[in-house]
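Text of target_7.txt, listed as compact mmCIF, C-alpha atoms and all ligand atoms:
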```txt
# COMPACT_ATOMS: atom_id res chain seq x y z
CA MET F 1 28.13 2.84 -14.77
CA LEU F 2 25.82 0.91 -12.49
CA ILE F 3 25.11 -2.69 -13.46
CA ASP F 4 21.62 -3.89 -12.60
CA PRO F 5 22.13 -7.23 -10.78
CA TYR F 6 18.41 -8.09 -10.79
CA PRO F 7 18.26 -10.11 -14.06
CA LEU F 8 20.99 -12.36 -12.62
CA ALA F 9 19.40 -12.62 -9.19
CA ARG F 10 15.79 -13.10 -10.35
CA PRO F 11 15.84 -16.88 -11.05
CA TRP F 12 17.33 -17.44 -7.59
CA LEU F 13 14.87 -15.14 -5.87
CA MET F 14 11.96 -16.92 -7.61
CA VAL F 15 12.86 -20.37 -6.29
CA MET F 16 13.63 -19.11 -2.79
CA GLU F 17 11.09 -19.21 -0.01
CA PRO F 18 9.27 -15.88 -0.67
CA GLU F 19 9.90 -14.42 2.76
CA VAL F 20 13.63 -15.15 2.49
CA ALA F 21 13.69 -13.55 -0.98
CA HIS F 22 11.95 -10.48 0.45
CA ALA F 23 14.41 -10.22 3.36
CA LEU F 24 17.29 -10.43 0.87
CA SER F 25 15.74 -7.69 -1.26
CA ILE F 26 15.44 -5.42 1.78
CA ARG F 27 19.06 -6.17 2.62
CA GLY F 28 20.05 -5.39 -0.98
CA LEU F 29 18.20 -2.08 -0.73
CA LYS F 30 19.93 -1.28 2.57
CA THR F 31 23.37 -1.89 1.14
CA GLY F 32 22.62 -0.01 -2.07
CA LEU F 33 23.15 -3.13 -4.21
CA VAL F 34 19.56 -3.11 -5.46
CA ARG F 35 18.71 0.20 -7.09
CA ASN F 36 17.79 1.64 -10.37
CA PRO F 37 19.77 4.32 -12.12
CA SER F 38 16.68 5.96 -13.62
CA LYS F 39 15.08 8.21 -10.99
CA TYR F 40 13.72 10.58 -13.63
CA ASP F 41 10.22 11.92 -12.99
CA ASP F 42 8.46 13.36 -16.02
CA PRO F 43 6.96 16.72 -14.92
CA ILE F 44 3.51 15.58 -16.12
CA LEU F 45 3.52 13.06 -13.25
CA ALA F 46 3.95 15.65 -10.48
CA THR F 47 0.80 15.93 -8.41
CA ASP F 48 -0.55 17.66 -5.28
CA VAL F 49 -2.71 15.44 -3.09
CA LEU F 50 -3.55 15.68 0.64
CA GLY F 51 -1.67 18.98 0.71
CA ILE F 52 1.54 17.17 -0.27
CA ARG F 53 3.61 17.54 -3.43
CA PHE F 54 4.44 14.15 -5.05
CA ALA F 55 7.06 13.96 -7.83
CA ASN F 56 5.06 11.03 -9.21
CA PRO F 57 1.87 9.29 -8.06
CA ILE F 58 3.29 5.76 -7.66
CA GLY F 59 3.93 4.61 -4.09
CA SER F 60 5.13 1.42 -2.44
CA ALA F 61 2.20 -0.24 -0.63
CA ALA F 62 2.24 -1.20 3.04
CA GLY F 63 3.98 -4.48 3.79
CA PHE F 64 7.03 -3.87 1.62
CA ASP F 65 9.02 -1.89 4.21
CA LYS F 66 7.07 -2.76 7.34
CA ASP F 67 9.56 -1.32 9.82
CA GLY F 68 10.65 1.77 7.90
CA GLU F 69 14.15 0.40 7.37
CA VAL F 70 14.71 1.53 3.78
CA PRO F 71 12.47 4.47 2.75
CA ASN F 72 15.17 6.28 0.80
CA ALA F 73 16.21 3.10 -1.01
CA VAL F 74 12.53 2.64 -1.97
CA PHE F 75 12.67 6.11 -3.53
CA GLY F 76 15.80 4.93 -5.35
CA LEU F 77 13.53 2.43 -7.14
CA GLY F 78 11.61 5.40 -8.57
CA PHE F 79 8.65 5.53 -6.19
CA GLY F 80 7.11 8.93 -5.48
CA PHE F 81 6.18 7.97 -1.91
CA ALA F 82 6.42 5.04 0.47
CA GLU F 83 3.95 3.62 2.94
CA VAL F 84 5.70 2.08 5.93
CA GLY F 85 3.92 -0.53 8.09
CA THR F 86 1.67 -1.97 9.20
CA VAL F 87 3.15 -0.97 12.57
CA THR F 88 1.72 -2.36 15.81
CA PRO F 89 2.27 -0.78 19.25
CA ARG F 90 4.27 -3.69 20.64
CA PRO F 91 6.60 -5.87 18.53
CA GLN F 92 5.01 -9.14 17.41
CA ALA F 93 6.17 -12.09 15.34
CA GLY F 94 3.04 -12.67 13.25
CA ASN F 95 1.78 -16.08 12.12
CA PRO F 96 3.88 -19.26 11.82
CA LYS F 97 5.92 -19.69 8.61
CA PRO F 98 5.47 -20.40 5.76
CA ARG F 99 3.02 -17.54 5.36
CA ILE F 100 3.72 -16.08 1.91
CA PHE F 101 2.88 -18.12 -1.19
CA ARG F 102 3.53 -17.35 -4.86
CA LEU F 103 0.98 -17.97 -7.61
CA PRO F 104 3.43 -17.54 -10.50
CA THR F 105 1.05 -18.40 -13.35
CA GLU F 106 -1.31 -15.63 -12.35
CA ARG F 107 1.38 -13.34 -10.93
CA GLY F 108 -0.39 -13.31 -7.59
CA VAL F 109 0.62 -13.82 -3.98
CA ILE F 110 -1.29 -15.12 -0.97
CA ASN F 111 -0.03 -13.93 2.41
CA ARG F 112 -1.06 -14.49 5.98
CA LEU F 113 1.77 -12.68 7.73
CA GLY F 114 -0.48 -11.41 10.53
CA PHE F 115 1.21 -8.06 11.23
CA ASN F 116 4.77 -9.10 11.95
CA SER F 117 6.14 -5.81 13.24
CA GLY F 118 9.18 -4.45 15.00
CA GLY F 119 6.77 -2.29 17.01
CA MET F 120 6.21 1.45 17.03
CA ALA F 121 9.28 2.40 19.10
CA ALA F 122 11.65 0.67 16.64
CA VAL F 123 9.91 2.16 13.60
CA SER F 124 9.98 5.59 15.17
CA ARG F 125 13.76 5.24 15.71
CA ASN F 126 14.31 3.99 12.16
CA LEU F 127 12.43 6.88 10.58
CA LYS F 128 14.11 9.47 12.75
CA ARG F 129 17.50 8.15 11.67
CA LYS F 130 16.66 7.81 7.95
CA LYS F 131 15.38 11.32 7.23
CA ALA F 132 13.21 10.39 4.24
CA THR F 133 13.72 12.42 1.08
CA ARG F 134 10.17 11.94 -0.26
CA PRO F 135 6.73 11.63 1.40
CA VAL F 136 6.31 8.72 3.82
CA GLY F 137 2.92 7.46 4.97
CA ILE F 138 2.77 5.36 8.12
CA ASN F 139 0.23 2.56 8.24
CA VAL F 140 -0.84 1.59 11.76
CA GLY F 141 -2.56 -1.47 13.19
CA ALA F 142 -3.45 -3.33 16.37
CA ASN F 143 -1.66 -6.09 18.24
CA ARG F 144 -3.30 -9.46 17.80
CA ASP F 145 -3.87 -9.95 21.54
CA SER F 146 -5.07 -6.40 22.17
CA THR F 147 -8.22 -6.02 24.25
CA ASP F 148 -8.88 -2.47 22.97
CA ARG F 149 -7.92 -2.35 19.33
CA ILE F 150 -8.91 1.28 18.83
CA ALA F 151 -6.57 2.25 21.68
CA ASP F 152 -3.76 0.56 19.72
CA TYR F 153 -4.39 2.76 16.67
CA VAL F 154 -4.50 5.82 18.92
CA VAL F 155 -1.18 5.11 20.62
CA CYS F 156 0.52 4.41 17.26
CA ILE F 157 -0.77 7.71 15.89
CA GLN F 158 0.58 9.56 18.92
CA GLU F 159 4.00 7.90 18.64
CA LEU F 160 4.42 7.84 14.86
CA GLY F 161 2.36 10.85 13.74
CA PRO F 162 5.31 13.25 14.11
CA HIS F 163 7.27 11.22 11.50
CA ALA F 164 4.40 10.81 9.03
CA ASP F 165 3.48 12.82 5.94
CA TYR F 166 0.18 10.94 6.17
CA LEU F 167 -1.26 8.27 8.45
CA ALA F 168 -3.13 5.18 7.26
CA VAL F 169 -5.39 3.25 9.62
CA ASN F 170 -5.44 -0.36 8.49
CA ILE F 171 -8.72 -2.07 9.35
CA SER F 172 -8.67 -4.42 6.39
CA SER F 173 -6.00 -7.06 6.93
CA PRO F 174 -7.63 -10.49 6.72
CA ASN F 175 -4.89 -11.99 8.91
CA THR F 176 -5.78 -10.52 12.30
CA PRO F 177 -9.01 -12.20 13.39
CA GLY F 178 -11.93 -9.80 13.80
CA LEU F 179 -10.04 -6.74 12.47
CA ARG F 180 -12.27 -6.26 9.46
CA ALA F 181 -15.33 -5.96 11.72
CA LEU F 182 -14.10 -2.39 12.34
CA GLN F 183 -15.40 -1.59 8.84
CA SER F 184 -19.03 -1.96 9.93
CA ARG F 185 -20.97 1.29 10.39
CA ASP F 186 -21.06 1.72 14.19
CA ALA F 187 -17.56 0.39 14.82
CA LEU F 188 -16.15 2.59 12.06
CA GLN F 189 -17.83 5.70 13.40
CA GLU F 190 -16.28 5.17 16.83
CA LEU F 191 -12.88 4.29 15.38
CA ILE F 192 -12.73 7.35 13.13
CA ALA F 193 -13.82 9.72 15.90
CA ARG F 194 -11.05 8.42 18.20
CA VAL F 195 -8.24 8.31 15.63
CA LEU F 196 -9.08 11.77 14.31
CA ALA F 197 -9.05 13.11 17.88
CA ALA F 198 -5.60 11.52 18.37
CA ARG F 199 -4.37 13.07 15.12
CA ASP F 200 -5.81 16.47 16.08
CA GLY F 201 -3.80 16.32 19.30
CA LEU F 202 -0.54 16.28 17.32
CA GLU F 203 1.41 19.46 16.81
CA ARG F 204 1.62 19.00 13.04
CA ARG F 205 -1.59 17.29 11.96
CA PRO F 206 -0.82 14.87 9.11
CA PRO F 207 -3.72 13.80 6.86
CA LEU F 208 -5.38 10.60 8.04
CA LEU F 209 -6.72 7.90 5.71
CA VAL F 210 -8.43 4.57 6.30
CA LYS F 211 -7.41 1.49 4.33
CA VAL F 212 -10.37 -0.71 3.41
CA ALA F 213 -10.79 -4.21 1.99
CA PRO F 214 -11.94 -4.91 -1.55
CA ASP F 215 -14.42 -7.46 -0.15
CA LEU F 216 -17.28 -5.05 0.49
CA THR F 217 -20.95 -5.00 -0.45
CA GLU F 218 -22.54 -2.02 -2.19
CA ARG F 219 -24.12 -1.12 1.14
CA ASP F 220 -20.72 -1.22 2.90
CA VAL F 221 -19.27 1.12 0.27
CA THR F 222 -22.12 3.61 0.72
CA ASP F 223 -21.85 3.47 4.52
CA ILE F 224 -18.06 3.89 4.58
CA ALA F 225 -18.15 6.71 2.02
CA ASP F 226 -20.85 8.48 4.02
CA ILE F 227 -18.90 8.20 7.30
CA ALA F 228 -15.67 9.29 5.57
CA LEU F 229 -17.31 12.43 4.20
CA THR F 230 -19.16 13.42 7.35
CA SER F 231 -16.33 12.69 9.81
CA GLY F 232 -13.66 14.77 8.12
CA LEU F 233 -11.47 11.84 7.14
CA ASP F 234 -8.84 12.96 4.60
CA GLY F 235 -9.02 9.99 2.25
CA LEU F 236 -9.33 6.25 1.69
CA ILE F 237 -6.93 3.57 0.48
CA VAL F 238 -8.77 1.05 -1.69
CA GLY F 239 -7.64 -1.44 -0.80
CA ASN F 240 -6.08 -4.37 0.89
CA THR F 241 -5.76 -8.00 -0.20
CA THR F 242 -8.90 -10.07 -0.87
CA VAL F 243 -10.16 -13.15 0.94
CA SER F 244 -12.09 -14.07 -2.23
CA ARG F 245 -10.59 -16.41 -4.83
CA PRO F 246 -11.37 -15.71 -8.49
CA ASP F 247 -12.35 -18.81 -10.49
CA GLY F 248 -9.58 -20.69 -12.17
CA LEU F 249 -6.62 -19.89 -9.89
CA LEU F 250 -3.93 -22.45 -10.59
CA GLY F 251 -1.22 -24.09 -8.53
CA GLU F 252 -1.14 -25.84 -5.20
CA SER F 253 -0.85 -22.56 -3.26
CA ALA F 254 -4.21 -21.25 -4.53
CA THR F 255 -6.05 -22.86 -1.62
CA GLU F 256 -3.84 -21.39 1.09
CA ASP F 257 -5.57 -19.19 3.66
CA GLY F 258 -4.76 -15.49 3.61
CA GLY F 259 -5.13 -12.39 1.48
CA LEU F 260 -4.69 -12.59 -2.29
CA SER F 261 -2.81 -9.78 -4.06
CA GLY F 262 -1.33 -9.11 -7.47
CA ARG F 263 -2.86 -9.48 -10.90
CA PRO F 264 -5.87 -11.61 -9.85
CA LEU F 265 -6.92 -8.73 -7.57
CA PHE F 266 -6.85 -6.02 -10.23
CA ALA F 267 -10.42 -6.27 -11.58
CA LEU F 268 -12.12 -6.54 -8.18
CA SER F 269 -10.12 -3.76 -6.53
CA THR F 270 -10.59 -1.42 -9.51
CA ARG F 271 -14.36 -1.98 -9.47
CA ILE F 272 -14.57 -1.20 -5.74
CA LEU F 273 -12.36 1.87 -6.30
CA ALA F 274 -14.76 3.14 -8.97
CA ASP F 275 -17.69 2.50 -6.58
CA PHE F 276 -15.94 4.55 -3.87
CA PHE F 277 -15.23 7.35 -6.34
CA ALA F 278 -18.92 7.46 -7.28
CA ALA F 279 -20.03 7.25 -3.64
CA THR F 280 -17.68 10.04 -2.46
CA GLY F 281 -18.30 12.18 -5.55
CA GLY F 282 -14.57 12.77 -5.82
CA LYS F 283 -14.68 14.96 -2.67
CA ILE F 284 -11.81 13.17 -0.89
CA PRO F 285 -8.73 11.62 -2.49
CA LEU F 286 -8.54 7.86 -2.98
CA ILE F 287 -5.34 5.85 -3.19
CA GLY F 288 -5.84 2.94 -5.61
CA THR F 289 -4.05 -0.30 -4.78
CA GLY F 290 -4.42 -3.85 -6.03
CA GLY F 291 -2.87 -5.75 -8.90
CA ILE F 292 -1.05 -2.87 -10.60
CA SER F 293 1.90 -4.07 -12.69
CA SER F 294 2.16 -1.63 -15.60
CA GLY F 295 1.62 1.98 -16.62
CA THR F 296 -1.62 0.87 -18.27
CA ASP F 297 -2.86 -0.54 -14.96
CA ALA F 298 -1.84 2.64 -13.13
CA TYR F 299 -3.71 4.73 -15.70
CA ALA F 300 -6.83 2.55 -15.34
CA LYS F 301 -6.78 3.05 -11.54
CA ILE F 302 -6.38 6.82 -11.97
CA ARG F 303 -9.24 6.96 -14.45
CA ALA F 304 -11.36 4.85 -12.06
CA GLY F 305 -10.82 7.49 -9.35
CA ALA F 306 -7.37 7.16 -7.77
CA SER F 307 -5.39 10.36 -7.12
CA LEU F 308 -2.38 8.25 -6.12
CA ILE F 309 -1.61 4.57 -6.62
CA GLN F 310 0.43 1.95 -4.78
CA LEU F 311 1.80 -1.49 -5.54
CA TYR F 312 3.68 -4.31 -3.92
CA THR F 313 3.17 -7.75 -5.46
CA ALA F 314 4.35 -6.77 -8.95
CA LEU F 315 7.76 -6.01 -7.44
CA PHE F 316 8.04 -9.72 -6.52
CA TYR F 317 7.83 -10.59 -10.21
CA GLU F 318 9.20 -7.58 -12.08
CA GLY F 319 12.05 -6.32 -9.91
CA PRO F 320 13.58 -2.86 -9.82
CA GLY F 321 13.01 -1.93 -13.49
CA LEU F 322 9.26 -1.83 -12.90
CA VAL F 323 8.60 1.69 -11.61
CA PRO F 324 10.71 3.62 -14.18
CA ARG F 325 8.95 1.61 -16.93
CA MET F 326 5.54 2.37 -15.45
CA LYS F 327 6.32 6.07 -15.20
CA ARG F 328 7.28 6.24 -18.89
CA GLU F 329 4.09 4.42 -19.90
CA LEU F 330 1.84 6.50 -17.68
CA ALA F 331 3.29 9.80 -18.94
CA HIS F 332 2.76 8.59 -22.53
CA LEU F 333 -0.86 7.56 -21.88
CA LEU F 334 -1.72 10.88 -20.22
CA ARG F 335 -0.31 12.84 -23.17
CA ARG F 336 -1.89 10.53 -25.75
CA ASP F 337 -5.32 11.26 -24.27
CA GLY F 338 -4.75 15.01 -23.98
CA PHE F 339 -4.37 15.26 -20.19
CA GLY F 340 -1.96 17.88 -18.86
CA SER F 341 -1.60 16.23 -15.44
CA VAL F 342 -2.50 13.18 -13.37
CA ALA F 343 -5.16 15.21 -11.53
CA GLU F 344 -6.98 15.96 -14.81
CA ALA F 345 -7.38 12.22 -15.48
CA VAL F 346 -8.70 11.22 -12.03
CA GLY F 347 -12.14 9.60 -12.26
CA THR F 348 -12.59 10.25 -15.97
CA ALA F 349 -13.52 6.62 -16.74
CA GLY F 350 -16.96 7.14 -15.19
CA ARG F 351 -17.84 10.25 -17.22
C1 LIG F 401 3.52 -9.94 1.57
C2 LIG F 401 2.50 -8.85 1.75
C3 LIG F 401 2.44 -8.16 2.98
C4 LIG F 401 1.51 -7.14 3.16
N1 LIG F 401 1.47 -6.48 4.36
C5 LIG F 401 0.57 -5.46 4.53
C6 LIG F 401 0.53 -4.73 5.74
O1 LIG F 401 1.31 -4.96 6.67
N2 LIG F 401 -0.40 -3.74 5.86
C7 LIG F 401 -1.27 -3.42 4.85
O2 LIG F 401 -2.08 -2.51 5.00
N3 LIG F 401 -1.23 -4.09 3.68
C8 LIG F 401 -0.34 -5.09 3.50
N4 LIG F 401 -0.30 -5.76 2.31
C9 LIG F 401 -1.26 -5.38 1.24
C10 LIG F 401 -0.66 -4.39 0.25
O3 LIG F 401 -0.30 -3.19 0.89
C11 LIG F 401 -1.64 -4.09 -0.88
O4 LIG F 401 -2.78 -3.44 -0.33
C12 LIG F 401 -2.11 -5.34 -1.61
O5 LIG F 401 -1.08 -6.30 -1.69
C13 LIG F 401 -2.59 -5.03 -3.03
O6 LIG F 401 -1.58 -4.48 -3.82
P1 LIG F 401 -0.66 -5.37 -4.82
O7 LIG F 401 -1.60 -6.24 -5.60
O8 LIG F 401 0.08 -4.39 -5.65
O9 LIG F 401 0.25 -6.16 -3.94
C14 LIG F 401 0.62 -6.79 2.10
C15 LIG F 401 0.71 -7.47 0.88
C16 LIG F 401 1.63 -8.47 0.69
C17 LIG F 401 1.69 -9.18 -0.64
```

Go ahead and render the structure in this file as structure tokens.
Amino acid sequence: MLIDPYPLARPWLMVMEPEVAHALSIRGLKTGLVRNPSKYDDPILATDVLGIRFANPIGSAAGFDKDGEVPNAVFGLGFGFAEVGTVTPRPQAGNPKPRIFRLPTERGVINRLGFNSGGMAAVSRNLKRKKATRPVGINVGANRDSTDRIADYVVCIQELGPHADYLAVNISSPNTPGLRALQSRDALQELIARVLAARDGLERRPPLLVKVAPDLTERDVTDIADIALTSGLDGLIVGNTTVSRPDGLLGESATEDGGLSGRPLFALSTRILADFFAATGGKIPLIGTGGISSGTDAYAKIRAGASLIQLYTALFYEGPGLVPRMKRELAHLLRRDGFGSVAEAVGTAGR
């Protein structure tokens, strides 16, 4: 019988510097010490999205396994898919430490990592060696000192595309100055044309999605949705961390610079997700991300328009029992409301 060491380790992990705790968790996953015995996927959770079969719709969000070191161990936690990255062309260290801050009262995190990455060659090697057993998305970005950011996305797609079940173009990190400007209409049009051309040059053409910020105006949402639909983009990930700060955040870390994630992001990111679902008319799949920490949250994202969902911050607080618990809750909620599948529930909140 496997003994779950997390309840014993949790108090120590919580007082550790967050980045050290994360590094230890990745090491635990690598060695097989951190895992969960319950990998069961209720058949009601199986879903086909982007031409890919997912055993369940819950994925690990970008940032958790940036360098693709532990995809199969991530699946051992119960996830149906993993998003590796953000990967930059050349290795880079990111911003000075400390750069991850806990907001324990609100179960949030503020980070300003700034794309610390082992670089695309290392990630490519890691993924080749690991032979992932479930779908892996690869999230790509630009080096901080790059003079042609779009060229950085292109070269990452060429190098990493062959290992990806889907590609995610991250233009929404708040921690690389100027990156979010790529979300404006003209810049986005040029970006999407060039990254889709790079993807189309690959032998096996994985679906390509763009990951957006939750800090968008109504006009931005309409523009991005319009470009996504007319350009042939395969989907959107909604979204990244927020630079906004909801009223009433507590603790000395609440004023740190960076992107806020976790529970305080749930309402904002779910509202923007619903706006994107309305603006795209459900014609392309959306991956809902932001503040999910229970099956109820996952269900709310699906009903707001997400075909798949992802999480990261809740793992900081809940540990490896989280995903199996969420899967049980989500399966129960779908059945309670008479849905026969995840797909049947997508976007039903707005009807
Ligand atoms: C420590 C940390 C690092 C992250 N790194 C990345 C990243 O490299 N690329 C990216 O697209 N998103 C990154 N994110 C954002 C997450 O992928 C996700 O979009 C966001 O945290 C909202 O989900 P959550 O509330 O479940 O954490 C990071 C988030 C955290 C907390």

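Distances from F:Ala198, F:Ala345, F:Ile110, F:Leu250 to F:Leu330 were compared using all atoms listed in the file, and the smallest one belongs to F:Ala345.
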
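For F:Leu260, the residues within 9 Å (counting all atoms listed in the file, excluding itself and residues fewer than 6 positions away along the chain) are Gly108, Val109, Ile110, Asn111, Asn240, Thr241, Thr242, Val243, Ser244, Arg245 and Ala254 of chain F.
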
*asked:* Residues contacting ligand LIG 401 (chain F) - anything with an atom at most 8 Å away, using all atoms listed in the file - can you give me those as a ChimeraX atom specification?
replied: /F:19,60-64,66,85-87,100,108-116,139-141,170-173,211,238-241,259-263,265-266,289-293,310-314

_When you count all atoms listed in the file, which of these residues is closest to F:Pro324: F:Leu77, F:Leu179, F:Ala46, F:Leu160?_
F:Leu77

*Distance query 12 Å from (11.5, 4.5, 13.0) using all atoms listed in the file, result as a ChimeraX atom specification*: /F:65-71,84-85,87,117-132,136,138,156,159-164

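For the pair atom CA of F:Arg351 and atom CA of F:Pro207, the interatomic distance is 28.1 Å.
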
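Between atom CA of F:Lys283 and atom CA of F:Ala304 the separation is 14.2 Å.
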
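Counting from atom CA of F:Leu233, the distance to atom CA of F:Leu45 is 25.3 Å.
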
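Proximity to F:Met326 was assessed for F:Asn56, F:Asn72, F:Thr31, F:Asn95 counting all atoms listed in the file; the smallest distance is recorded for F:Asn56.
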
_Pick from F:Val342, F:Leu182, F:Ala306, F:Val221 nearest to F:Ile284, counting all atoms listed in the file_ = F:Ala306

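Among the candidates F:Phe277, F:Gly94, F:Ala197, F:Lys301, the one nearest to F:Leu229 when counting only C-alpha atoms is F:Phe277.
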
Env of F:Pro285: 7 Å cut, atoms = only C-alpha atoms, seq-sep filter 5 positions within chain, self excluded. Answer as a CSV table (one decimal) with C-alpha atoms, in the coordinates of the input.
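Below is the file that was written, out00.csv:
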```csv
chain,number,residue,atom,x,y,z
F,235,GLY,CA,-9.0,10.0,2.2
F,236,LEU,CA,-9.3,6.2,1.7
F,307,SER,CA,-5.4,10.4,-7.1
```

*Find the residue from F:Ala21, F:Pro214, F:Arg180, F:Phe81 that sits nearest to F:Ile52; use only C-alpha atoms when measuring.*
F:Phe81
